[in-house]
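Trainee: Here you go, one structure.
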Amino acid sequence: MNKVANTSAELARSEGPTRTDEFAQRLKKRYRAERNFRLLGQSAIVFSVAVLVFLLGNMLINGIGGFQRAELAVPVDFPESGITGDEISLTAPSAIQTLEMQGMPGIVQRFAEQALGEEGAAQLSDDAWRDVASALTADPSLMERSQTFHLPASSDLAAGLAGEGSAEMQALAGQLASDGKLSENWDMGFMSRSDATSPQQVGIWGALKGSILTMLVTLALAFPIGVLAALYLEEYAPKNRWTDLIEVSINNLAAVPSIIFGLLGLAVFLAIFPNYRSAPLIGGLTLALMTMPVIVISGRNAIKAVPPSIRDGALAVGASPIQVVFHHVLPLALPGMLTGTIIGMARALGETAPLLMIGMRAFVATPPDGFTSPATVLPVQIFLWSDEIDRGFVERTSAAIIVLLLFLLLMNGLAIYLRNKFEKTW
């Protein structure tokens, strides 16, 4: 018997593996397909990274100029200006109006003509005196000395400094720059001012505050309602045709174009609250309707991912059904729910169409005081600035996009931190 087995093994070794030409061709084709697929995957990643780098690089290059503005150096001698006032009056809420009544615009214009000449002073921004008045109210001790202020220039002079516009304006900008009276400086007020008609005076704080208030309303409504709806549909709702209809409706709502929600907000919320047009409250209600289906769908998927053994073990030690849901299932499903919330809130932050429908495209020169004050949001502000003719708004638009991206990263970073904090393993 052993002799027969040894003979069979020797024959198998002598013959070797069977490798026909057809088999070798198929093997080579399979290896080639694997290499091509790997190269396609790597190419897709490289292309995606290249597009992202190009987009961010383009925004940074254009946006750097948006954080700067052309400014004229104007020395103001307050003891000789004729302005009067003490520390109490200069720090009062109506101090800027009082300074205007004392002739602050004309005084700043007079000192500008002395320093820049009539032609240069004519290119000072109309509201430049407000910067002087704000500095004086912030530091009343300026009344006792002279101070040089860097005040915003006109849009034409700023374009001339950038090498654009008329030849006369370019020549004037070059002369003032060579004399050290005109320069491009970082505009720290861009983050603290609101919308304006001149690109030299605009700021992003009003739109940023409006976005923050709108997102707070959206999160306060969409997250708890979405989580509770997901818990009910997955843990308590009976399985019948009505729940199937609800599930189909929620899935369809998640794919509805955002402008439809804007029409809904226009027809319902503004009919109930007609005096709150363009308010963060109405904007948050509209975006909450759009975000809620995403949170419900992701919440249900997260609840389904919780192992049944968690429920069985909790019931076995005497926990009630509601204790099982809120003490065991919900904490384990919360990270997945937060992931859906991140996606929904990121989509809501970048939406423009539904907010345009409810009137949040109004010109708002002051930041909103609360949830019912007129406001705009960052995407709408970017949309409005991009439609302006003045080239100065192009750089301001890119700067606003950078602020929007940073706000989005900050919001998502906070959500990811909370998700990781509540994440549990079993």
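FYI, nothing fancy with the structure tokens labels: chains A, B, ... in order, residues from 1 per chain, ligands from 1 as they appear.
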If you count only C-alpha atoms, which residues fall within 7 Å of Leu124 of chain A, apart from same-chain ones fewer than 2 positions away, as a list in words?

Mentor: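 Listed by chain and then number, they are Ala121, Ala122, Asp126, Ala128, Pro152, Ala153 and Ser154 of chain A.
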
Trainee: Could you pull out all residues of segment 144-344 of chain A with a DSSP call of helix (DSSP H, G or I) and give them as a PyMOL selection string?

Mentor: chain A and resi 144+155-161+167-178+188-191+205-236+241-253+258-267+269-272+274-276+280-304+308-316+321-344

Trainee: So that I can check the surroundings of segment 373-388 of chain A, please list as a PDB file with C-alpha atoms, in the first residue's frame every protein, DNA and RNA residue that reaches within 6 Å of it, counting only C-alpha atoms and ignoring chain neighbours fewer than 3 positions away.

Mentor:
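Full text of selection_20.pdb as output:
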```
ATOM      1  CA  ALA A 207     -23.678  88.042   8.575  1.00  0.00           C
ATOM      2  CA  LEU A 208     -21.559  85.829  10.833  1.00  0.00           C
ATOM      3  CA  GLY A 210     -26.835  85.977  11.766  1.00  0.00           C
ATOM      4  CA  SER A 211     -25.455  82.564  10.750  1.00  0.00           C
ATOM      5  CA  SER A 278     -35.591  87.919   7.465  1.00  0.00           C
ATOM      6  CA  ALA A 279     -35.169  87.063  11.167  1.00  0.00           C
ATOM      7  CA  GLY A 350     -24.256  76.576   3.112  1.00  0.00           C
ATOM      8  CA  THR A 352     -28.902  80.152   0.194  1.00  0.00           C
ATOM      9  CA  MET A 360     -32.869  87.134   4.368  1.00  0.00           C
ATOM     10  CA  PRO A 368     -28.843  91.473  14.777  1.00  0.00           C
ATOM     11  CA  ASP A 369     -29.695  92.000  18.435  1.00  0.00           C
ATOM     12  CA  GLY A 370     -31.495  88.673  18.823  1.00  0.00           C
ATOM     13  CA  PHE A 393     -16.163  93.299  -3.521  1.00  0.00           C
ATOM     14  CA  THR A 397     -16.234  87.876  -1.314  1.00  0.00           C
TER      15      THR A 397
END
```

Trainee: Write out as a list in words the set of residues from segment 164-395 of chain A that DSSP, computed on the backbone, places in strand (DSSP E or B).

Mentor: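 Going through segment 164-395 of chain A, the strand (DSSP E or B) residues come out as Leu182, Ser183, Glu184, Asn185 and Trp186 of chain A.
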
Trainee: Suppose we keep C-alpha atoms; can you now write the selection as a PDB file, in the first residue's frame?

Mentor:
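Wrote it out as out12.pdb, contents follow:
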```
ATOM      1  CA  LEU A 182      -1.355 105.741   1.274  1.00  0.00           C
ATOM      2  CA  SER A 183      -0.799 102.089   2.112  1.00  0.00           C
ATOM      3  CA  GLU A 184      -2.485  98.692   2.077  1.00  0.00           C
ATOM      4  CA  ASN A 185      -3.001  97.612   5.698  1.00  0.00           C
ATOM      5  CA  TRP A 186      -4.719  94.752   7.463  1.00  0.00           C
TER       6      TRP A 186
END
```

Trainee: Neighbours of Gly283 of chain A within 9 Å (only C-alpha atoms; same-chain residues fewer than 4 positions away dropped), as number ranges by chain?

Mentor: A: 214-215, 217-218, 262, 265, 277-279, 287-288, 354-355, 358, 360

Trainee: Go ahead and save the picked residues with C-alpha atoms, as a compact mmCIF listing (two decimals), in the first residue's frame.

Mentor:
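Produced file part22.txt, reproduced below:
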```txt
# COMPACT_ATOMS: atom_id res chain seq x y z
CA THR A 214 -29.80 80.77 12.63
CA MET A 215 -27.77 77.62 13.25
CA VAL A 217 -32.36 77.74 16.12
CA THR A 218 -31.88 74.97 13.55
CA GLY A 262 -38.03 77.99 1.37
CA GLY A 265 -41.30 78.70 5.15
CA ARG A 277 -39.35 88.51 8.00
CA SER A 278 -35.59 87.92 7.47
CA ALA A 279 -35.17 87.06 11.17
CA LEU A 287 -33.58 75.06 7.80
CA ALA A 288 -34.73 72.79 10.65
CA PRO A 354 -34.52 78.84 1.13
CA LEU A 355 -33.23 81.89 2.98
CA ILE A 358 -37.98 84.23 3.29
CA MET A 360 -32.87 87.13 4.37
```

Trainee: Can you tell me which residues surround segment 66-74 of chain A at a distance of at most 8 Å, considering only C-alpha atoms, apart from same-chain residues fewer than 6 positions away, and format the answer as an MDAnalysis selection string?

Mentor: chainID A and resid 111:112 115:116 124 148:153 157:158 161 181:188 190 200 392 394:399

Trainee: How close does each residue of segment 319-382 of chain A get to segment 226-246 of chain A, giving the shortest atom pair and distance in Å to one decimal for every residue with an atom at most 9 Å away, counting only C-alpha atoms, sorted by chain and residue number, as a tab-separated table?

Mentor:
```
residue	atom	partner	partner_atom	distance
A:Val325	CA	A:Glu235	CA	7.8
A:Leu330	CA	A:Leu231	CA	8.2
A:Leu334	CA	A:Val227	CA	8.9
A:Met337	CA	A:Val227	CA	7.4
```

Trainee: If I take atom CA of Pro93 of chain A and atom CA of Val132 of chain A, how far is one from the other in Å, to one decimal?

Mentor: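 Separating atom CA of Pro93 of chain A from atom CA of Val132 of chain A is a distance of 15.9 Å.
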
Trainee: Tell me which protein, DNA and RNA residues are within 8 Å of Lys209 of chain A, counting only C-alpha atoms, leaving out same-chain ones fewer than 3 positions away, and put them as number ranges by chain.

Mentor: A: 205-206, 212-213, 367-368, 377

Trainee: Given the choices A:Arg193, A:Arg130, A:Arg347, A:Arg26, which gets closest to Gly106 of chain A if the distance is worked out from only C-alpha atoms?

Mentor: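 Among the listed residues, the smallest separation from Gly106 of chain A belongs to A:Arg130.
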
Trainee: Using 8 Å as the limit and counting only C-alpha atoms, can you tabulate each residue of segment 339-418 of chain A that touches segment 255-260 of chain A, with its shortest atom-to-atom distance in Å and the two atoms involved, as a tab-separated table?

Mentor:
```
residue	atom	partner	partner_atom	distance
A:Glu351	CA	A:Ser258	CA	7.6
A:Ala353	CA	A:Ile259	CA	5.3
A:Pro354	CA	A:Ile259	CA	4.8
A:Met357	CA	A:Ile259	CA	7.6
```

Trainee: Restricted to C-alpha atoms, what would the selected residues look like written as a PDB file, in the first residue's frame?

Mentor:
```pdb
ATOM      1  CA  GLU A 351     -27.851  76.962   1.945  1.00  0.00           C
ATOM      2  CA  ALA A 353     -32.099  79.442  -1.790  1.00  0.00           C
ATOM      3  CA  PRO A 354     -34.519  78.836   1.125  1.00  0.00           C
ATOM      4  CA  MET A 357     -37.274  82.991  -0.248  1.00  0.00           C
TER       5      MET A 357
END
```

Trainee: Which one of A:Gln114, A:Thr84, A:Ser178, A:Gln323 sits closest to Gln102 of chain A if you count only C-alpha atoms?

Mentor: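 Looking at the shortest contact to Gln102 of chain A, the residue is A:Thr84.
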
Trainee: Taking into account only C-alpha atoms, which residue in the set A:Asp195, A:Asp86, A:Glu34, A:Asp312 is nearest to Leu136 of chain A?

Mentor: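 Counting only C-alpha atoms, the residue closest to Leu136 of chain A is A:Asp86.
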